[in-house]
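Text of the file query05.cif, holding mmCIF, C-alpha atoms (C1' of nucleotides):
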data_run
loop_
_atom_site.label_atom_id
_atom_site.label_comp_id
_atom_site.auth_asym_id
_atom_site.auth_seq_id
_atom_site.Cartn_x
_atom_site.Cartn_y
_atom_site.Cartn_z
CA MET U 235 14.49 -3.43 -29.17
CA ASN U 236 15.29 -3.41 -25.45
CA ILE U 237 17.78 -1.16 -23.76
CA LYS U 238 20.72 -3.51 -24.02
CA GLU U 239 20.55 -3.72 -27.77
CA ALA U 240 19.99 0.03 -28.04
CA ALA U 241 23.06 0.47 -25.89
CA ALA U 242 25.17 -1.80 -28.05
CA ARG U 243 24.03 -0.18 -31.28
CA SER U 244 24.41 3.41 -30.07
CA ASP U 245 27.64 2.75 -28.20
CA LEU U 246 26.21 4.20 -25.01
CA PRO U 247 25.85 2.45 -21.64
CA PRO U 248 22.30 1.53 -20.56
CA LYS U 249 22.70 3.81 -17.55
CA THR U 250 23.43 6.72 -19.82
CA ILE U 251 20.41 5.97 -21.96
CA ARG U 252 18.16 5.95 -18.89
CA TYR U 253 19.71 9.22 -17.85
CA TYR U 254 19.04 10.73 -21.26
CA GLU U 255 15.41 9.73 -20.97
CA GLU U 256 15.23 11.22 -17.49
CA ILE U 257 16.45 14.60 -18.73
CA GLY U 258 14.17 14.50 -21.74
CA LEU U 259 16.58 13.87 -24.58
CA ILE U 260 14.69 10.76 -25.68
CA ALA U 261 11.24 9.36 -24.97
CA PRO U 262 11.02 5.69 -25.89
CA GLN U 263 7.73 3.80 -25.65
CA ARG U 264 7.13 1.30 -22.88
CA ASP U 265 6.02 -2.30 -23.13
CA LEU U 266 3.22 -3.57 -20.91
CA ASN U 267 5.81 -4.93 -18.52
CA GLY U 268 7.40 -1.50 -18.14
CA TYR U 269 10.43 -2.23 -20.29
CA ARG U 270 11.59 0.54 -22.61
CA ARG U 271 10.99 -0.23 -26.26
CA PHE U 272 13.36 1.57 -28.63
CA ALA U 273 12.21 2.28 -32.16
CA GLU U 274 14.66 3.06 -34.95
CA ALA U 275 13.98 6.77 -34.47
CA ASP U 276 15.02 6.49 -30.82
CA LEU U 277 18.16 4.70 -31.85
CA HIS U 278 18.95 7.46 -34.33
CA ARG U 279 18.67 10.06 -31.62
CA LEU U 280 20.90 8.01 -29.34
CA THR U 281 23.51 7.59 -32.05
CA PHE U 282 23.38 11.30 -32.78
CA LEU U 283 23.86 12.00 -29.08
CA SER U 284 26.70 9.51 -28.85
CA ARG U 285 28.56 11.20 -31.68
CA ALA U 286 27.91 14.71 -30.47
CA ARG U 287 29.10 13.80 -26.97
CA ALA U 288 32.20 12.21 -28.50
CA LEU U 289 32.96 15.57 -30.08
CA GLY U 290 32.76 17.13 -26.63
CA PHE U 291 29.44 18.95 -26.92
CA SER U 292 27.73 19.42 -23.56
CA ILE U 293 24.36 17.85 -22.89
CA GLU U 294 22.64 21.20 -23.34
CA GLU U 295 24.47 21.77 -26.61
CA CYS U 296 23.38 18.30 -27.67
CA ARG U 297 19.80 19.21 -26.83
CA THR U 298 20.06 22.23 -29.10
CA LEU U 299 21.74 20.21 -31.83
CA LEU U 300 19.00 17.62 -31.70
CA ALA U 301 16.40 20.35 -32.06
CA LEU U 302 18.25 21.87 -35.00
CA TRP U 303 18.60 18.46 -36.57
CA ALA U 304 14.88 17.88 -36.25
CA ASP U 305 14.06 21.31 -37.65
CA ARG U 306 14.02 20.95 -41.43
CA SER U 307 13.89 24.74 -41.78
CA ARG U 308 16.93 25.44 -39.59
CA ALA U 309 19.67 27.80 -40.74
CA SER U 310 23.10 26.20 -40.95
CA ALA U 311 24.36 29.44 -39.40
CA ASP U 312 22.80 28.41 -36.11
CA VAL U 313 24.56 25.07 -36.14
CA LYS U 314 27.82 26.66 -37.15
CA ARG U 315 27.63 29.28 -34.42
CA LEU U 316 27.14 26.62 -31.78
CA ALA U 317 29.95 24.47 -33.15
CA GLN U 318 32.24 27.47 -33.44
CA GLY U 319 31.60 28.36 -29.81
CA HIS U 320 32.44 24.85 -28.73
CA LEU U 321 35.54 24.87 -30.89
CA THR U 322 36.71 28.06 -29.22
CA ALA U 323 36.16 26.51 -25.81
CA ILE U 324 38.19 23.48 -26.86
CA GLU U 325 40.99 25.72 -28.02
CA ALA U 326 41.01 27.50 -24.68
CA LYS U 327 41.22 24.20 -22.83
CA ILE U 328 44.04 23.03 -25.03
CA ALA U 329 45.92 26.25 -24.39
CA ASP U 330 45.48 25.83 -20.62
CA LEU U 331 46.63 22.25 -20.73
CA LYS U 332 49.60 23.09 -22.93
CA ALA U 333 50.73 25.75 -20.49
CA MET U 334 50.53 23.25 -17.65
CA HIS U 335 52.29 20.70 -19.78
CA ASP U 336 55.15 23.00 -20.70
CA THR U 337 55.80 24.00 -17.11
CA LEU U 338 55.41 20.52 -15.74
CA SER U 339 57.47 18.73 -18.36
CA GLY U 340 60.35 21.09 -17.68
CA LEU U 341 60.13 20.37 -13.98
CA VAL U 342 59.88 16.64 -14.47
CA ALA U 343 62.89 16.70 -16.75
CA ALA U 344 64.85 18.67 -14.17
CA CYS U 345 64.03 16.27 -11.33
CA ALA U 346 66.67 13.64 -10.66
CA GLY U 347 64.06 11.12 -9.53
CA ASP U 348 66.42 9.32 -7.23
CA GLY U 349 66.53 8.70 -3.49
CA ARG U 350 67.64 12.19 -2.56
CA PRO U 351 65.11 14.71 -1.23
CA ASP U 352 66.13 17.69 -3.36
CA CYS U 353 63.45 18.24 -5.96
CA PRO U 354 62.87 21.10 -8.40
CA ILE U 355 59.17 20.26 -8.59
CA LEU U 356 58.61 20.89 -4.90
CA HIS U 357 60.94 23.83 -5.09
CA ARG U 358 58.75 25.35 -7.74
CA LEU U 359 55.63 24.88 -5.63
CA ALA U 360 57.12 26.03 -2.35
CA PRO U 361 56.41 29.66 -1.48
CA GLU U 362 59.89 30.56 -0.32
CA ASN U 363 61.29 31.31 -3.73
CA GLU U 364 59.11 34.15 -4.91
CA THR U 365 61.61 35.48 -7.41
CA GLN U 366 62.61 32.74 -9.83
CA ARG U 367 59.09 31.95 -10.92
CA SER U 368 58.34 32.29 -14.58
CA ASN U 369 54.98 30.63 -14.93
CA GLY U 370 52.16 29.23 -12.94
CA MET V 120 45.74 37.12 9.67
CA ASN V 121 42.05 36.53 8.90
CA ILE V 122 40.71 34.57 6.00
CA LYS V 123 40.36 37.49 3.65
CA GLU V 124 44.00 38.39 3.83
CA ALA V 125 45.04 34.75 3.54
CA ALA V 126 42.84 34.56 0.47
CA ALA V 127 44.41 37.61 -1.09
CA ARG V 128 47.95 36.45 -0.37
CA SER V 129 47.45 32.87 -1.53
CA ASP V 130 45.32 33.81 -4.51
CA LEU V 131 42.54 31.49 -3.41
CA PRO V 132 38.90 32.41 -2.66
CA PRO V 133 37.84 32.29 1.00
CA LYS V 134 35.33 29.59 0.11
CA THR V 135 38.11 27.44 -1.25
CA ILE V 136 40.20 27.94 1.87
CA ARG V 137 37.29 26.85 4.09
CA TYR V 138 36.83 23.85 1.87
CA TYR V 139 40.50 22.95 2.17
CA GLU V 140 40.19 23.07 5.92
CA GLU V 141 37.07 20.91 5.79
CA ILE V 142 38.88 18.18 3.85
CA GLY V 143 41.91 18.39 6.08
CA LEU V 144 44.47 20.09 3.84
CA ILE V 145 45.04 22.88 6.36
CA ALA V 146 44.25 23.34 10.05
CA PRO V 147 44.47 26.98 11.06
CA GLN V 148 44.05 28.02 14.69
CA ARG V 149 40.88 29.72 15.86
CA ASP V 150 40.51 32.97 17.73
CA LEU V 151 38.25 33.14 20.76
CA ASN V 152 35.51 34.54 18.57
CA GLY V 153 35.72 31.53 16.26
CA TYR V 154 37.53 33.32 13.45
CA ARG V 155 40.24 31.37 11.67
CA ARG V 156 43.71 32.70 12.39
CA PHE V 157 46.24 31.97 9.66
CA ALA V 158 49.90 31.75 10.61
CA GLU V 159 52.65 32.08 8.03
CA ALA V 160 52.93 28.30 7.87
CA ASP V 161 49.25 28.06 6.95
CA LEU V 162 49.76 30.65 4.26
CA HIS V 163 52.68 28.69 2.88
CA ARG V 164 50.55 25.60 2.60
CA LEU V 165 47.80 27.58 0.89
CA THR V 166 50.23 29.07 -1.58
CA PHE V 167 51.67 25.65 -2.27
CA LEU V 168 48.16 24.36 -2.89
CA SER V 169 47.31 27.29 -5.09
CA ARG V 170 50.32 26.64 -7.30
CA ALA V 171 49.84 22.90 -7.43
CA ARG V 172 46.17 23.33 -8.39
CA ALA V 173 47.21 25.83 -11.06
CA LEU V 174 49.37 23.07 -12.55
CA GLY V 175 46.29 20.86 -12.66
CA PHE V 176 47.09 18.46 -9.83
CA SER V 177 43.97 16.99 -8.26
CA ILE V 178 43.17 17.61 -4.62
CA GLU V 179 44.35 14.15 -3.66
CA GLU V 180 47.58 14.65 -5.59
CA CYS V 181 48.01 17.93 -3.77
CA ARG V 182 47.54 16.13 -0.48
CA THR V 183 50.34 13.76 -1.40
CA LEU V 184 52.54 16.58 -2.63
CA LEU V 185 52.06 18.45 0.64
CA ALA V 186 53.07 15.35 2.56
CA LEU V 187 56.15 14.89 0.42
CA TRP V 188 57.02 18.53 0.81
CA ALA V 189 56.77 18.23 4.59
CA ASP V 190 58.86 15.06 4.62
CA ARG V 191 62.48 16.15 4.70
CA SER V 192 63.57 12.58 4.00
CA ARG V 193 61.42 12.11 0.91
CA ALA V 194 62.86 10.68 -2.29
CA SER V 195 62.58 12.96 -5.29
CA ALA V 196 61.65 9.83 -7.22
CA ASP V 197 58.29 9.83 -5.44
CA VAL V 198 57.59 13.40 -6.43
CA LYS V 199 58.74 12.78 -9.96
CA ARG V 200 56.57 9.70 -10.33
CA LEU V 201 53.50 11.61 -9.26
CA ALA V 202 54.28 14.53 -11.54
CA GLN V 203 55.03 12.21 -14.44
CA GLY V 204 51.68 10.50 -13.97
CA HIS V 205 49.90 13.82 -14.02
CA LEU V 206 51.86 14.87 -17.07
CA THR V 207 50.81 11.74 -18.88
CA ALA V 208 47.18 12.40 -17.99
CA ILE V 209 47.52 15.94 -19.34
CA GLU V 210 48.98 14.61 -22.55
CA ALA V 211 46.07 12.21 -22.93
CA LYS V 212 43.58 15.03 -22.44
CA ILE V 213 45.39 17.20 -24.95
CA ALA V 214 45.33 14.35 -27.45
CA ASP V 215 41.59 13.87 -26.93
CA LEU V 216 40.91 17.56 -27.31
CA LYS V 217 43.09 17.82 -30.39
CA ALA V 218 41.21 14.98 -32.03
CA MET V 219 37.94 16.73 -31.30
CA HIS V 220 39.40 19.99 -32.50
CA ASP V 221 40.63 18.55 -35.78
CA THR V 222 37.31 16.93 -36.60
CA LEU V 223 35.26 19.89 -35.50
CA SER V 224 37.33 22.57 -37.18
CA GLY V 225 37.03 20.72 -40.46
CA LEU V 226 33.28 20.56 -40.08
CA VAL V 227 32.97 24.19 -39.09
CA ALA V 228 35.06 25.22 -42.06
CA ALA V 229 32.86 23.16 -44.36
CA CYS V 230 29.63 24.67 -43.06
CA ALA V 231 28.28 27.55 -45.10
CA GLY V 232 26.78 29.20 -42.05
CA ASP V 233 24.03 30.87 -43.98
CA GLY V 234 20.26 30.67 -43.94
CA ARG V 235 20.02 27.34 -45.72
CA PRO V 236 19.38 24.14 -43.75
CA ASP V 237 22.04 21.97 -45.34
CA CYS V 238 24.85 21.50 -42.85
CA PRO V 239 27.85 19.18 -42.88
CA ILE V 240 28.03 19.30 -39.09
CA LEU V 241 24.59 17.79 -38.65
CA HIS V 242 25.30 15.49 -41.52
CA ARG V 243 28.31 14.17 -39.68
CA LEU V 244 26.30 13.55 -36.52
CA ALA V 245 23.27 12.04 -38.19
CA PRO V 246 23.23 8.25 -38.20
CA GLU V 247 22.10 7.81 -41.78
CA ASN V 248 25.54 8.11 -43.34
CA GLU V 249 27.42 5.25 -41.78
CA THR V 250 30.03 5.03 -44.48
CA GLN V 251 31.78 8.37 -44.88
CA ARG V 252 32.80 8.66 -41.26
CA SER V 253 36.49 8.96 -40.61
CA ASN V 254 36.61 9.97 -36.98
CA GLY V 255 34.25 9.76 -34.10
"C1'" DC W 54 5.85 -26.27 -11.02
"C1'" DC W 55 10.10 -24.43 -9.51
"C1'" DT W 56 14.36 -22.56 -10.08
"C1'" DT W 57 18.20 -20.28 -12.24
"C1'" DG W 58 20.13 -16.55 -14.63
"C1'" DA W 59 19.94 -12.81 -17.52
"C1'" DC W 60 17.33 -9.31 -18.33
"C1'" DC W 61 14.68 -5.19 -16.84
"C1'" DT W 62 12.83 -1.51 -13.39
"C1'" DT W 63 13.25 2.48 -9.85
"C1'" DC W 64 15.65 4.90 -6.41
"C1'" DC W 65 19.51 6.58 -3.76
"C1'" DA W 66 24.28 7.77 -2.99
"C1'" DG W 67 28.71 9.22 -4.62
"C1'" DT W 68 31.84 11.44 -7.76
"C1'" DT W 69 35.21 16.73 -8.34
"C1'" DA W 70 36.11 20.97 -6.38
"C1'" DC W 71 34.12 24.13 -5.22
"C1'" DG W 72 30.20 28.56 -5.64
"C1'" DG W 73 25.83 30.81 -4.09
"C1'" DG W 74 23.12 32.19 -0.69
"C1'" DA W 75 20.68 32.15 3.79
"C1'" DA W 76 20.82 33.04 8.62
"C1'" DC W 77 23.46 34.68 11.99
"C1'" DC W 78 27.63 36.57 14.90
"C1'" DC W 79 31.51 40.08 15.64
"C1'" DC W 80 33.89 44.43 15.54
"C1'" DT W 81 34.69 49.19 14.62
"C1'" DA W 82 33.29 53.76 13.63
"C1'" DT W 83 30.01 57.21 13.84
"C1'" DA L 278 22.02 52.74 18.33
"C1'" DT L 279 23.20 51.74 13.90
"C1'" DA L 280 25.55 50.78 9.73
"C1'" DG L 281 29.16 48.45 7.31
"C1'" DG L 282 32.17 45.08 6.49
"C1'" DG L 283 34.21 41.42 8.31
"C1'" DG L 284 33.52 36.49 9.97
"C1'" DT L 285 30.83 31.73 10.89
"C1'" DT L 286 28.03 27.35 9.70
"C1'" DC L 287 24.94 24.85 6.84
"C1'" DC L 288 22.69 23.34 2.83
"C1'" DC L 289 21.82 23.17 -2.10
"C1'" DG L 290 23.47 23.00 -6.86
"C1'" DT L 291 26.77 22.07 -10.45
"C1'" DA L 292 27.97 17.88 -15.07
"C1'" DA L 293 27.19 13.79 -16.55
"C1'" DC L 294 27.02 10.16 -15.27
"C1'" DT L 295 28.42 5.35 -12.30
"C1'" DG L 296 27.63 1.89 -8.75
"C1'" DG L 297 24.72 -0.64 -6.14
"C1'" DA L 298 20.53 -2.18 -3.71
"C1'" DA L 299 15.91 -4.09 -3.92
"C1'" DG L 300 12.86 -6.12 -6.67
"C1'" DG L 301 9.88 -7.37 -11.11
"C1'" DT L 302 10.03 -10.27 -15.76
"C1'" DC L 303 11.05 -13.76 -18.96
"C1'" DA L 304 12.87 -17.96 -21.29
"C1'" DA L 305 14.98 -22.31 -20.54
"C1'" DG L 306 15.87 -26.52 -18.01
"C1'" DG L 307 14.87 -30.25 -14.55
#

Turn the structure described in the file into structure tokens.
Amino acid sequence: MNIKEAAARSDLPPKTIRYYEEIGLIAPQRDLNGYRRFAEADLHRLTFLSRARALGFSIEECRTLLALWADRSRASADVKRLAQGHLTAIEAKIADLKAMHDTLSGLVAACAGDGRPDCPILHRLAPENETQRSNG
Amino acid sequence: MNIKEAAARSDLPPKTIRYYEEIGLIAPQRDLNGYRRFAEADLHRLTFLSRARALGFSIEECRTLLALWADRSRASADVKRLAQGHLTAIEAKIADLKAMHDTLSGLVAACAGDGRPDCPILHRLAPENETQRSNG
DNA sequence: CCTTGACCTTCCAGTTACGGGAACCCCTAT
DNA sequence: ATAGGGGTTCCCGTAACTGGAAGGTCAAGG
């Protein structure tokens, strides 16, 4: 199949597929006219990549996962370690975002949001009031 | 003060401060020797930026916030709208990350993590099993 | 045979918000 | 004079693509 069908079936944009070839994640054959020809095996790799990316794995993590997937003698411990590391990173990001969210939602709630200039959000950001900070 | 002290007092790296000048967020004076000279007003802007960035506002949002802060006749509604938009974006990111987290933590828990090759994580990513997917 | 339109190709630039490092200048103390 | 610890500019690299330009290919229609 050509790139457009591979894109549709893997749920990845053609541009992304070309990029994945460029960085060596896939290596489809070429037709005489230069068009990429995707075999089922290529499509499987693309689908694998699509799902791994959807779970937030980085490209380099995906590269490792692909290698582990291809290695019939892999240890599941290696996969688990990688996934656990990613999971921990996700948890850290969530914690960061939740802290921002808590602070910001309080400020938004406290802001009148009318035509007057007084605003607790700006007040919180302004460096005059060093004392009443609690977070940030 | 010189850049190092401004950096220490605003809790921003010198590189970041130079970058902020380059993109027009600050405009410190220069000494005859070419060194940047930071007045208190510059430091206030840097501190404001430091806090806004810590709350996750993008550079362009910070630019707007600085303008609103400087505008004594602003409407708090404008600030609130911007903050609310950012808050919504944060909530969307948290939701995405939580979805990843839920899927991934289930898979990690299900993986034996021993020397055997069988692995539910890879199984979930592999495109053979189209049916038993529940989340992607 | 020619054209149109939908494909495909490569290549280059831009995105976000900086960080690293080179090459070089300035200032103070010894 | 020299050593060190400032400062400066400039350029490259990051992650993972996306957009767009310039141009080749292919099937269908007139």

Just need the residues of chain W within 12 Å of chain V, counting only C-alpha atoms (C1' of nucleotides), so spit them out as number ranges by chain.
W: 69-73, 78-80

After a least-squares superposition of chain U on chain V over all Cα atoms matched in order, what is the RMSD to one decimal?
0.2 Å

Record the distance separating CA of Ala186 in chain V and CA of Leu144 in chain V, expressed in Å with one decimal.
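Taking CA of Ala186 in chain V as the start and CA of Leu144 in chain V as the end point, the length is 9.9 Å.
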
Name the residues that the PyMOL selection byres ((chain U and resi 357) around 12) pulls out of this structure, and write them as a ChimeraX atom specification.
/U:341-342,344-345,351-356,358-367 /V:167,170-171,184-185,187-189,195,198

Give me, please, the distance in Å between C1' of DC64 in chain W and C1' of DG300 in chain L, quoted to one decimal.
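Computing the Euclidean distance for C1' of DC64 in chain W and C1' of DG300 in chain L yields 11.4 Å.
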
With only C-alpha atoms (C1' of nucleotides) considered, list every residue of chain L at most 8 Å from chain U, as a PyMOL selection string.
chain L and resi 294-295+302

Skip Ala323 in chain U itself and residues of its chain fewer than 5 positions away, then list as a ChimeraX atom specification all residues within 12 Å of it, counting only C-alpha atoms (C1' of nucleotides).
/U:290-292,316-318,328-330 /V:216,219-220,223

Atoms kept (C-alpha atoms) for selection, written as a PDB file, keeping the file's coordinate frame:
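After the write, again.pdb holds the following:
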ATOM      1  CA  GLY U 290      32.760  17.130 -26.630  1.00  0.00           C
ATOM      2  CA  PHE U 291      29.440  18.950 -26.920  1.00  0.00           C
ATOM      3  CA  SER U 292      27.730  19.420 -23.560  1.00  0.00           C
ATOM      4  CA  LEU U 316      27.140  26.620 -31.780  1.00  0.00           C
ATOM      5  CA  ALA U 317      29.950  24.470 -33.150  1.00  0.00           C
ATOM      6  CA  GLN U 318      32.240  27.470 -33.440  1.00  0.00           C
ATOM      7  CA  ILE U 328      44.040  23.030 -25.030  1.00  0.00           C
ATOM      8  CA  ALA U 329      45.920  26.250 -24.390  1.00  0.00           C
ATOM      9  CA  ASP U 330      45.480  25.830 -20.620  1.00  0.00           C
TER      10      ASP U 330
ATOM     11  CA  LEU V 216      40.910  17.560 -27.310  1.00  0.00           C
ATOM     12  CA  MET V 219      37.940  16.730 -31.300  1.00  0.00           C
ATOM     13  CA  HIS V 220      39.400  19.990 -32.500  1.00  0.00           C
ATOM     14  CA  LEU V 223      35.260  19.890 -35.500  1.00  0.00           C
TER      15      LEU V 223
END

Go ahead and compute the interatomic distance for CA of Glu239 in chain U and CA of Arg264 in chain U, in Å to one decimal.
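Calculated distance between CA of Glu239 in chain U and CA of Arg264 in chain U is 15.1 Å.
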